[in-house]
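Reading through the structure tokens given below for one structure.
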Amino acid sequence: MSRFWSPFVHALTPYTPGEQPRHQNFIKLNTNENPFGPSPLALEGIRSATDDGLRRYPDPSSVELRRAISATLGLEGDHVFIGNGSDEVLAHSFNAFFREKGTIHFPDVTYSFYRTYCSLYGLPFCEIPLDEAFRCDPSQYRGRSGGIVIANPNAPTGIAMKLKGIEEILERNTDIVVIVDEAYVDFGAQSAAELVPRYENLVVVQTFSKSRSLAGLRVGFAVAQPHLIDALVRVKDSFNSYPVGSLALAGALGAWSDQDWFDKTRRQVMVSRDRMAGALKELGFRVPLSAVNFLFVSHERVPAEEILMELRSRGVLVRHFKQDRIRNWLRVSVGTPDECEKFLEAIADIVERVPTSNNIG
Ligand SMILES: *Cc1c(COP(=O)(O)O)cnc(C)c1O
């Protein structure tokens, strides 16, 4: 009955999220969730907000959480915008800064939601190829028009760009907005948030989903100068004035206040990640240096899609992307030490069993 659709809906190419199985007991290393769970202070915050106060609308401008985040960053509260997950913050940013601006630029291998937002808002875009090692070369972004969005560290490659590179892009594009999506920054990259006071065209986007283990709560934020935050608020208040619920605000506040939990759990993830990378290299995998909570891997012999299926049949889910340049790569989230162990056992079994097909010498 698609004749009832608004015409543009036919042309959308929606994002495909990773599988979230409801019933089977899979080892789930396919959506970059944090294996360690949220801070107890986040859960306490949610519990104590679970009362009669829920009859009221939440604070539409998330003042308390904005204050907490901006205090940590050494900025005023008017430099922070809160949204329903960073996906919503990114969508509002595309709407607020990229519409009717020209061509939007991002790497050819990156978070596929950027293409989806371009399709939603009807924006032309240009994909700038990463180099042969999947690195982003900032000199490719000189003097662009329209807009630029960079995930740093990038996904699904896991590779981080130095802050110098981000600065080069900002300096060479002073008339357009540069969005830096830092969904994974807490696992080993340098945040561009410290550049915000110096660049009037910078929007840094972060999330509570990954390093703070609150993917289910849906809280993300942007850090930028107030004149950019104002545009985000205008767009938000033209769409949904209450995107972040009271429970989400309370949970995010609790999580933000628990620096110890944050540091302890992200260090554990980084240690497991590095151990896993070493083991995979020994099994014949290429593994670019990861600054995130996942690894991007490709085997010298066994095709990615075969590994994907074999892992699945052994109860392990990982992510594969049907995009030509990365067809032979898999993205594997870092799980608990036990999950990582089981994953490594399964994958060792797979690559050792599959006969070498091109061993002509
Ligand atoms: C996970 C992710 C996001 C979105 O996270 P939310 O859960 O919507 O906050 C944004 N960008 C990248 C690159 C991600 O991997």
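Here, A, B, ... name the chains of the structure tokens in the order displayed, residue numbers run from 1 inside each chain, and ligands are numbered from 1 in the same displayed order.
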Residues up to 6 Å from ligand 1, counting only C-alpha atoms and all ligand atoms: could you list those as a PDB file with all heavy atoms, in the first residue's frame?
```
ATOM      1  N   GLY A  85      20.293   9.563  22.100  1.00  0.00           N
ATOM      2  CA  GLY A  85      21.359   8.824  21.426  1.00  0.00           C
ATOM      3  C   GLY A  85      22.104   9.753  20.487  1.00  0.00           C
ATOM      4  O   GLY A  85      21.556  10.763  20.037  1.00  0.00           O
ATOM      5  N   SER A  86      23.366   9.442  20.209  1.00  0.00           N
ATOM      6  CA  SER A  86      24.113  10.346  19.338  1.00  0.00           C
ATOM      7  C   SER A  86      23.626  10.249  17.905  1.00  0.00           C
ATOM      8  O   SER A  86      23.835  11.170  17.120  1.00  0.00           O
ATOM      9  CB  SER A  86      25.619  10.119  19.452  1.00  0.00           C
ATOM     10  OG  SER A  86      25.975   8.846  19.020  1.00  0.00           O
ATOM     11  N   ASP A  87      22.936   9.162  17.550  1.00  0.00           N
ATOM     12  CA  ASP A  87      22.337   9.110  16.214  1.00  0.00           C
ATOM     13  C   ASP A  87      21.376  10.275  16.011  1.00  0.00           C
ATOM     14  O   ASP A  87      21.346  10.890  14.949  1.00  0.00           O
ATOM     15  CB  ASP A  87      21.591   7.782  16.002  1.00  0.00           C
ATOM     16  CG  ASP A  87      22.549   6.620  15.756  1.00  0.00           C
ATOM     17  OD1 ASP A  87      23.687   6.868  15.341  1.00  0.00           O
ATOM     18  OD2 ASP A  87      22.134   5.471  15.977  1.00  0.00           O
ATOM     19  N   TYR A 111      30.934   5.128   9.121  1.00  0.00           N
ATOM     20  CA  TYR A 111      29.626   4.823   9.690  1.00  0.00           C
ATOM     21  C   TYR A 111      28.553   5.050   8.607  1.00  0.00           C
ATOM     22  O   TYR A 111      28.423   6.158   8.080  1.00  0.00           O
ATOM     23  CB  TYR A 111      29.407   5.769  10.867  1.00  0.00           C
ATOM     24  CG  TYR A 111      28.217   5.465  11.749  1.00  0.00           C
ATOM     25  CD1 TYR A 111      27.860   4.164  12.082  1.00  0.00           C
ATOM     26  CD2 TYR A 111      27.458   6.511  12.281  1.00  0.00           C
ATOM     27  CE1 TYR A 111      26.793   3.917  12.916  1.00  0.00           C
ATOM     28  CE2 TYR A 111      26.388   6.269  13.128  1.00  0.00           C
ATOM     29  CZ  TYR A 111      26.060   4.965  13.439  1.00  0.00           C
ATOM     30  OH  TYR A 111      24.999   4.721  14.268  1.00  0.00           O
ATOM     31  N   ALA A 151      34.228  10.302  11.460  1.00  0.00           N
ATOM     32  CA  ALA A 151      34.167   9.521  12.694  1.00  0.00           C
ATOM     33  C   ALA A 151      35.598   9.329  13.167  1.00  0.00           C
ATOM     34  O   ALA A 151      36.439   8.835  12.422  1.00  0.00           O
ATOM     35  CB  ALA A 151      33.502   8.171  12.450  1.00  0.00           C
ATOM     36  N   ALA A 155      34.763   4.100  12.180  1.00  0.00           N
ATOM     37  CA  ALA A 155      34.077   2.810  12.239  1.00  0.00           C
ATOM     38  C   ALA A 155      33.743   2.446  10.792  1.00  0.00           C
ATOM     39  O   ALA A 155      33.384   3.345  10.035  1.00  0.00           O
ATOM     40  CB  ALA A 155      32.791   2.939  13.046  1.00  0.00           C
ATOM     41  N   ASP A 181      32.505  12.731  14.877  1.00  0.00           N
ATOM     42  CA  ASP A 181      31.710  11.742  15.602  1.00  0.00           C
ATOM     43  C   ASP A 181      32.654  10.895  16.452  1.00  0.00           C
ATOM     44  O   ASP A 181      33.410  10.087  15.936  1.00  0.00           O
ATOM     45  CB  ASP A 181      30.955  10.886  14.565  1.00  0.00           C
ATOM     46  CG  ASP A 181      30.146   9.755  15.189  1.00  0.00           C
ATOM     47  OD1 ASP A 181      30.196   9.574  16.414  1.00  0.00           O
ATOM     48  OD2 ASP A 181      29.453   9.051  14.420  1.00  0.00           O
ATOM     49  N   ALA A 183      32.080   8.510  18.832  1.00  0.00           N
ATOM     50  CA  ALA A 183      31.378   7.437  19.544  1.00  0.00           C
ATOM     51  C   ALA A 183      32.342   6.530  20.321  1.00  0.00           C
ATOM     52  O   ALA A 183      31.979   5.982  21.354  1.00  0.00           O
ATOM     53  CB  ALA A 183      30.554   6.608  18.556  1.00  0.00           C
ATOM     54  N   THR A 207      28.685   9.795  22.795  1.00  0.00           N
ATOM     55  CA  THR A 207      27.538   8.983  23.205  1.00  0.00           C
ATOM     56  C   THR A 207      27.778   8.284  24.551  1.00  0.00           C
ATOM     57  O   THR A 207      28.926   8.032  24.920  1.00  0.00           O
ATOM     58  CB  THR A 207      27.243   7.899  22.142  1.00  0.00           C
ATOM     59  OG1 THR A 207      26.145   7.090  22.580  1.00  0.00           O
ATOM     60  CG2 THR A 207      28.442   6.990  21.906  1.00  0.00           C
ATOM     61  N   SER A 209      26.462   5.348  24.853  1.00  0.00           N
ATOM     62  CA  SER A 209      26.164   3.962  24.476  1.00  0.00           C
ATOM     63  C   SER A 209      27.345   3.014  24.586  1.00  0.00           C
ATOM     64  O   SER A 209      27.170   1.848  24.913  1.00  0.00           O
ATOM     65  CB  SER A 209      25.651   3.911  23.033  1.00  0.00           C
ATOM     66  OG  SER A 209      24.433   4.596  22.908  1.00  0.00           O
ATOM     67  N   ALA A 215      23.787   1.729  26.010  1.00  0.00           N
ATOM     68  CA  ALA A 215      23.180   1.755  24.671  1.00  0.00           C
ATOM     69  C   ALA A 215      21.652   1.720  24.754  1.00  0.00           C
ATOM     70  O   ALA A 215      20.957   2.315  23.930  1.00  0.00           O
ATOM     71  CB  ALA A 215      23.700   0.592  23.829  1.00  0.00           C
ATOM     72  N   ARG A 218      19.764   5.404  25.466  1.00  0.00           N
ATOM     73  CA  ARG A 218      19.675   6.377  24.380  1.00  0.00           C
ATOM     74  C   ARG A 218      19.999   7.808  24.831  1.00  0.00           C
ATOM     75  O   ARG A 218      19.114   8.669  24.933  1.00  0.00           O
ATOM     76  CB  ARG A 218      18.279   6.355  23.697  1.00  0.00           C
ATOM     77  CG  ARG A 218      17.733   5.003  23.326  1.00  0.00           C
ATOM     78  CD  ARG A 218      18.676   4.201  22.466  1.00  0.00           C
ATOM     79  NE  ARG A 218      19.040   4.870  21.233  1.00  0.00           N
ATOM     80  CZ  ARG A 218      20.314   4.972  20.796  1.00  0.00           C
ATOM     81  NH1 ARG A 218      21.318   4.458  21.491  1.00  0.00           N
ATOM     82  NH2 ARG A 218      20.560   5.586  19.665  1.00  0.00           N
ATOM     83  N   VAL A 219      21.264   8.052  25.093  1.00  0.00           N
ATOM     84  CA  VAL A 219      21.707   9.412  25.396  1.00  0.00           C
ATOM     85  C   VAL A 219      23.001   9.703  24.646  1.00  0.00           C
ATOM     86  O   VAL A 219      23.951   8.922  24.697  1.00  0.00           O
ATOM     87  CB  VAL A 219      21.953   9.642  26.910  1.00  0.00           C
ATOM     88  CG1 VAL A 219      22.310  11.112  27.176  1.00  0.00           C
ATOM     89  CG2 VAL A 219      20.732   9.250  27.733  1.00  0.00           C
ATOM     90  N   GLY A 220      23.005  10.813  23.927  1.00  0.00           N
ATOM     91  CA  GLY A 220      24.215  11.270  23.251  1.00  0.00           C
ATOM     92  C   GLY A 220      24.288  12.780  23.371  1.00  0.00           C
ATOM     93  O   GLY A 220      23.329  13.423  23.816  1.00  0.00           O
TER      94      GLY A 220
END
```
Shell of 6 Å around region 131-140 of chain A, only C-alpha atoms, local chain residues under 2 positions omitted, as a list in words | Arg142, Gly165 and Ile169 of chain A
Pick out the residues sitting within 9 Å of region 13-28 of chain A, and hand them over as JSON, numbers by chain; count only C-alpha atoms, and ignore anything fewer than 4 positions along from it in its own chain.
-> {"A": [9, 32, 33, 112, 113, 115, 116, 117, 119, 120, 312, 314, 315, 316, 317, 318, 319, 333, 335, 339, 342, 343]}
What does the file look like for those residues with C-alpha atoms, as a PDB file, in the first residue's frame?
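Result file is again_0.pdb:
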```pdb
ATOM      1  CA  VAL A   9       9.983   7.657   1.402  1.00  0.00           C
ATOM      2  CA  ASN A  32      29.923  -2.937  19.786  1.00  0.00           C
ATOM      3  CA  GLU A  33      28.006  -2.998  23.037  1.00  0.00           C
ATOM      4  CA  SER A 112      26.920   4.102   7.128  1.00  0.00           C
ATOM      5  CA  PHE A 113      24.359   6.281   8.896  1.00  0.00           C
ATOM      6  CA  ARG A 115      24.741   8.107   3.872  1.00  0.00           C
ATOM      7  CA  THR A 116      21.354   7.420   5.420  1.00  0.00           C
ATOM      8  CA  TYR A 117      21.003  10.989   6.737  1.00  0.00           C
ATOM      9  CA  SER A 119      19.209  10.158   1.826  1.00  0.00           C
ATOM     10  CA  LEU A 120      16.711  11.349   4.472  1.00  0.00           C
ATOM     11  CA  ARG A 312      27.317 -18.155  13.649  1.00  0.00           C
ATOM     12  CA  ARG A 314      29.143 -21.998  16.659  1.00  0.00           C
ATOM     13  CA  GLY A 315      26.931 -19.439  18.413  1.00  0.00           C
ATOM     14  CA  VAL A 316      29.094 -16.352  17.841  1.00  0.00           C
ATOM     15  CA  LEU A 317      27.754 -13.233  16.109  1.00  0.00           C
ATOM     16  CA  VAL A 318      30.109 -10.727  14.463  1.00  0.00           C
ATOM     17  CA  ARG A 319      29.383  -8.000  11.901  1.00  0.00           C
ATOM     18  CA  SER A 333      33.338  -6.311  19.296  1.00  0.00           C
ATOM     19  CA  GLY A 335      33.392  -8.984  24.858  1.00  0.00           C
ATOM     20  CA  GLU A 339      33.485 -14.267  25.516  1.00  0.00           C
ATOM     21  CA  LYS A 342      35.322 -18.550  23.351  1.00  0.00           C
ATOM     22  CA  PHE A 343      35.478 -16.390  20.224  1.00  0.00           C
TER      23      PHE A 343
END
```
Could you pull the residues within 10 Å of Lys236 (chain A), counting only C-alpha atoms, minus those fewer than 5 positions along the same chain, as a ChimeraX atom specification?
-> /A:60-61,81-83,88-89,92-93,95-96,230-231,241-243
Take CA of Val178 (chain A) and CA of Ile148 (chain A) and report the distance between them in Å, one decimal.
-> 4.8 Å
Between CA of Arg286 (chain A) and CA of Val351 (chain A), what is the spacing in Å?
->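 Here the two named atoms are 13.3 Å from each other.
Distance-wise, CA of Asn34 (chain A) and CA of Ala250 (chain A) end up 19.6 Å apart.
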From the DSSP assignment of the backbone, select every residue of region 105-305 of chain A that is strand (DSSP E), and format the answer as a PyMOL selection string.
-> chain A and resi 105-107+125-128+147-151+178-181+202-207+220-223+285-286+294-299
Helix (DSSP H, G or I) residues, from DSSP on the backbone, in region 91-289 of chain A, as a PyMOL selection string = chain A and resi 91-97+113-121+138-141+163-171+185-187+192-198+226-236+246-257+259-282
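You can rank A:Ala193, A:Ile326, A:Val354, A:Cys126 by their closest distance to Ser145 (chain A) using only C-alpha atoms, and at the top of that list sits A:Cys126.
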